[in-house]
Structures are given as structure tokens and as C-alpha cells.
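Notes to accompany the following structure.
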Amino acid sequence: MKCLSRLGCLFGHSETSKFWNHKALYQEDGHILNDSRPRLPGEIWRKIIRYTIGLEGANTVEPGDPFLAPYIDEEYPEIDSDLFVDRANLSLVNSSWNIAVSEVTAEYLIIYSGRQLARQVETFETAILAHHSHRVSKPKKKKQNQAIRIRSRQRLMHAKPLGEWTTRIDFKIIGPYSVKDVLRLIQCTPNLRIYLNKNSSIDNIPRRPFPTEIVHGLIKYNAASLLRIDWAGTGECPKYADLVRLCTGLPHLMTLRLISIHSYHLRDLVSASPLVFPALKHLTLGPRPHSKTHRENSPLRWDPLIYFLCLNPRVQLPCLEYLDCDIVPQLWKQFFSLHGHKLQTLRTTSPYALKVLPEILEYCQNLKTLLISQGEATPMEFPAYHPNVARICILPSSDTHVRVPGDIFTCGAMWPLDNLLVGIERMVAPCLAELKIWNMEAYCARYEYRSWLQCWMLRWNLHRVAFLDKNGIPYEKIHDRDEAMLDLVRF
């Protein structure tokens, strides 16, 4: 059981096993028997249980920063297969732990099917009724033993309805589901901070617009708490009219991610209201899903949306700090001339920003962090000078581990990466302090090129720039097993 190993890291395995033997140690009300050591407060145990069985990202409002460790890739989260077994085991320790486990589990929900959605709604609504009935009930004074049982049960009740613990919901449904169940669920979660929709279709083509009823429901039930909305799937994409409703109805929204806009109707183009997001800091415009069949209601570019974001720049996006845009729009000059000076972080893809990146960065004089998804053999151009960029990270464009013959890997990955580093080196950047190559997936075989790494390590040391891997470790400290064996033979 991996939960025991995690608890053992905190307390030692002997003490952990003693806590685990709940039949010998615990009463139903959570008191320890035959143990004179002081008990930990309930708040500490809750933090320990959350560390053991909680899902990371329950409160991750901002996009992941590759320069911070640990970096969470929310597109491909690593969920321990034994996590659900650990939850079941910990809930058996005693009633107090059972309540704590259920509350931690409720913080981050991932819905995979319409049936699971219906069950979750029923669970939350039942919890609300139980909590309400518990608050209005009073113990009878005539029977002292009954009063004692009620007071004991009160100590074991949830402090608030179970749905009020929920801060994030990810919808990853393939197939039918009830929109009414979604509305009932968000009505039960008034503290919801993150709403992620990744409902997808089998052929990866947007099938229908995002239900307008859910848009109204989010505004009605979660306007005070919602900080992030993420449309990460292709099955349901919002209409432009939905974005207009959200920007006026969710004043605290900080993070917005879009994969595509479902449609721009003629009435939207004629009488369009400017998109005014007063608190939005992070905007991600993801790549449109590739498909052999194009649907007329799915635009190929972001230019219509960019146009609507530039109608009144004084009030639109006043807090914008982060922009992730894989497909550089044709109206890029208009957007960056109005909003570029606000940006602290820019992420883009080399195939779409090969020639225009120098001009884009000229408008982003306050930029601190540049993230580049590299996947093009053509050399990428950089400006001759940038006054403030301090961190540059190069990420592979492929999300899968690649194993190919050495010659193919050299031509397809190492040469483009080398050209990219040459372009960065030629740029005069007095504030540049960190250059990180995200050694994962397509770059996993890069350790075989030790001489290449050493060459670039020396060059960046001369520039006083830290040359780091994904964990923030300088490449000069990377241990190569093959080279270590050769060193034994040499000496």
C-alpha cells in the first residue's frame, strides 16, 4: 500500500503501522487507546491525508510554470493506480478518517461518464439534506444516553456539506450526459474555483456548442468563486456569445483557455460587444484539433476573437500577464501593439512564429519568460536585443516518447534544437539568467549526446546563463552511466 510508504516518510514505518492497526488503537469517536503519546490535531491529520490521497491541481488556477518544480502537466496527469485503493483503506481507520477522506476526495472531481455524474449529484444532494437535518435536530433531554450518542455523532459529521469542499471539477465525458445533472452539481459546489471541460468526440471534431444553460448556471451559482474556465476538449466549444456572457457575469475570472470557438454568427460580427475581462491574467488559445474533415462552424484561426479583444484596449484585458498562443493570428501586430507591454510570459510554437517572433518581442518589452515548443527544422529568428527576458524554456512539441535510429533523431530533433540555441545565443539579452531544455518525450535521448551538452554548457557558462534540465539541475552535474563505465576503463 503506497499510502503507508508516504505516511512512513513522515512518521517512520513503526508508528505508521501502529496507526494503521485501527482495531487495536481507535474507538469509534477517534480516541486512541493504550497510547500515552500526544495526539496530532485534526488539522494536521487532514493535511497528511490530503498529501497521501489528494489529487494535485485542485487549486491550480495559474498555468503550469516549467521553471517551478514539481511541474504538473495537466494534459497528461499522472494518477497513481493505487490511489483509489489507498482512499478506501484510509477510510477504514475510523469514522474521523472516513470523513476526512471523503472531504479530500470531494475537493477535486473528475467526471468520466453520465452515470458517474448522476451518482455524484445524488451524493452531494443527500449530503446537503443530511447536513441540514443534523443542524435542526436537537437531543432529547430525557434520555441521557441518547444525547451522548448524538453528541458523539455531531463530532463525526462534516463541518459543511460535502459539495462545499469541491474547488475543481474536470469533465472528461465521451458519450451522452444530462445537462440538468451538471447544473445540479455546480449548484451543490458554491466554492468551485476551476471548471474544466474536456468532453470529446471520437473523431476529434467539434460536434455541438457548449450548452448555454451551463454558462448561465456558472454565472448564477459560481460567480463569486470561479477563477478558471478551461475548454480543453473538442466535443463542446463555446460560442462567442457565451464568452460575452462570461466576461460580464464572472468578474473574478483569472484564467481562460480555449481550444476553438464553435461559431461566429453574423449578428456577433455586426453588433459585437467588446470582451472585457477585468481580472483575466492568463489567456491560452490552444491549437485547433487537426482533422481531415473541416466543419463550417469551427474557424481555422483566432483572428475574429483577436479582433474582438482589440476593440477597446484601455478596458479590455487590463491585467493580462500570460499568453499561450500556438497559432499566431494574422492580426498579431494589432494585438501585441495594444497588449504586448502587459505580458510577463509568452508561450508559442516555433512553426507558427518562425519569422514574426522578433517583431512580436519588440512589442513585449516587459517580458520576463519565453516558452517555446520547438518542432520545426527551419531556424527560428530572434530579435537582436531584448532588455528584460530572464528565462527561456524549450519544450518538445511531441507528447510521446520517441525512439528512432540515431541519424533520424539527429536530423529531426538535435539539429533543430541546435539551431534554436544558436538563435538564442545571438540575441543580446542582459537579463537572461536561465535556459532550460525540457528533457522529456522527444528529447529523452538527448543524454546520449554528452559532448554536445558539454559544448553548450561551456558556451552558456561564458554568458553567465544557467543551462538546466527540467528539474533545474545544471547539465554539468548530469550523470551518464555509459560514460562512467568508459571512465573506469580509461583510468
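Convention: chains lettered A, B, ... in C-alpha cells order; per-chain residue numbering from 1; ligands numbered from 1 as shown.
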
Which of segment 169-222 of chain A DSSP labels alpha helix (DSSP H), written as a ChimeraX atom specification: /A:179-187,212-222

Members of segment 305-404 of chain A assigned strand (DSSP E or B) by DSSP, as a PyMOL selection string: chain A and resi 322-325+345-349+369-374+385+391-396

All residues 7 Å or closer to segment 117-127 of chain A, only C-alpha atoms, same chain fewer than 4 positions away omitted, as a ChimeraX atom specification: /A:111,113,131,161-163,181,184-185,188

Residue with smallest distance to Asp303 of chain A - pool A:Leu226, A:Leu395, A:Ile44, A:Leu331, counting only C-alpha atoms: A:Leu331

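Here atom CA of Lys220 of chain A is placed at a distance of 15.1 Å from atom CA of Leu243 of chain A.
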
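In this comparison, which uses only C-alpha atoms, the residue of A:Ser225, A:Lys239, A:Pro190, A:Gln316 approaching Val276 of chain A most closely is A:Gln316.
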
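Counting only C-alpha atoms, the residue from A:Thr255, A:Thr167, A:Asn312, A:Thr248 that sits nearest to Ile229 of chain A is A:Thr255.
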
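With only C-alpha atoms as the atoms that count, the minimum distance from Arg228 of chain A to the choices A:Leu354, A:Leu109, A:Val465, A:Val61 is reached by A:Val61.
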
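Atom to atom, atom CA of Leu417 of chain A and atom CA of Pro396 of chain A stand 9.3 Å apart.
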
Contact residues around Tyr195 of chain A with only C-alpha atoms at 8 Å, ignoring same-chain residues under 2 positions, as a list of chain:residue names: A:Arg168, A:Ile169, A:Asp170, A:Leu192, A:Arg193, A:Asn197, A:Leu226, A:Arg228, A:Ile229, A:Asp230

Could the residues in this selection be written to a file with N, CA, C and O atoms, as a tab-separated table (two decimals), in the first residue's frame?
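Now in again_18.tsv:
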```tsv
chain	number	residue	atom	x	y	z
A	168	ARG	N	-12.59	22.07	-7.67
A	168	ARG	CA	-12.30	21.83	-9.09
A	168	ARG	C	-13.10	20.64	-9.60
A	168	ARG	O	-13.22	19.62	-8.91
A	169	ILE	N	-13.63	20.80	-10.81
A	169	ILE	CA	-14.32	19.70	-11.50
A	169	ILE	C	-13.79	19.62	-12.91
A	169	ILE	O	-13.78	20.61	-13.65
A	170	ASP	N	-13.34	18.43	-13.31
A	170	ASP	CA	-12.92	18.15	-14.69
A	170	ASP	C	-13.96	17.24	-15.33
A	170	ASP	O	-14.21	16.14	-14.83
A	192	LEU	N	-16.66	26.44	-6.01
A	192	LEU	CA	-15.94	25.97	-7.20
A	192	LEU	C	-15.04	27.06	-7.75
A	192	LEU	O	-15.48	28.19	-8.00
A	193	ARG	N	-13.76	26.73	-7.95
A	193	ARG	CA	-12.80	27.69	-8.47
A	193	ARG	C	-12.37	27.37	-9.90
A	193	ARG	O	-12.02	28.27	-10.65
A	197	ASN	N	-13.64	21.61	-19.01
A	197	ASN	CA	-14.48	20.82	-19.90
A	197	ASN	C	-13.61	20.19	-20.98
A	197	ASN	O	-13.02	20.89	-21.82
A	226	LEU	N	-15.58	31.40	-9.00
A	226	LEU	CA	-14.93	30.81	-10.18
A	226	LEU	C	-13.78	31.69	-10.66
A	226	LEU	O	-13.96	32.87	-10.96
A	228	ARG	N	-11.20	30.08	-12.89
A	228	ARG	CA	-10.60	29.50	-14.11
A	228	ARG	C	-11.63	28.67	-14.85
A	228	ARG	O	-12.34	27.85	-14.26
A	229	ILE	N	-11.72	28.90	-16.16
A	229	ILE	CA	-12.53	28.07	-17.06
A	229	ILE	C	-11.62	27.57	-18.17
A	229	ILE	O	-10.89	28.36	-18.80
A	230	ASP	N	-11.69	26.29	-18.41
A	230	ASP	CA	-10.77	25.64	-19.33
A	230	ASP	C	-11.57	24.76	-20.28
A	230	ASP	O	-12.13	23.75	-19.87
```

Spatial neighbours of Val422 of chain A, max dist 10 Å, only C-alpha atoms, sep filter under 6 positions, as a ChimeraX atom specification: /A:379-382,416,456

Take the residues from that selection and write them out as a PDB file, in the first residue's frame, keeping C-alpha atoms.
```pdb
ATOM      1  CA  PRO A 379      15.846  28.087 -37.868  1.00  0.00           C
ATOM      2  CA  MET A 380      13.746  30.346 -35.679  1.00  0.00           C
ATOM      3  CA  GLU A 381      14.552  34.033 -35.685  1.00  0.00           C
ATOM      4  CA  PHE A 382      15.089  36.102 -32.550  1.00  0.00           C
ATOM      5  CA  PRO A 416      16.582  21.965 -34.973  1.00  0.00           C
ATOM      6  CA  TRP A 456      26.675  24.165 -24.952  1.00  0.00           C
TER       7      TRP A 456
END
```

All residues 12 Å or closer to Ser337 of chain A, only C-alpha atoms, same chain fewer than 2 positions away omitted, as a ChimeraX atom specification: /A:310,313,331-335,339-343,359-365

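Of the residues listed (A:Lys355, A:Arg301, A:His216, A:Arg347), A:His216 shows the shortest atom-to-atom separation from Leu183 of chain A; distances use only C-alpha atoms.
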
Coordinates-based distance that separates atom CA of Arg87 of chain A from atom CA of Ala232 of chain A (Å, one decimal): 27.9 Å
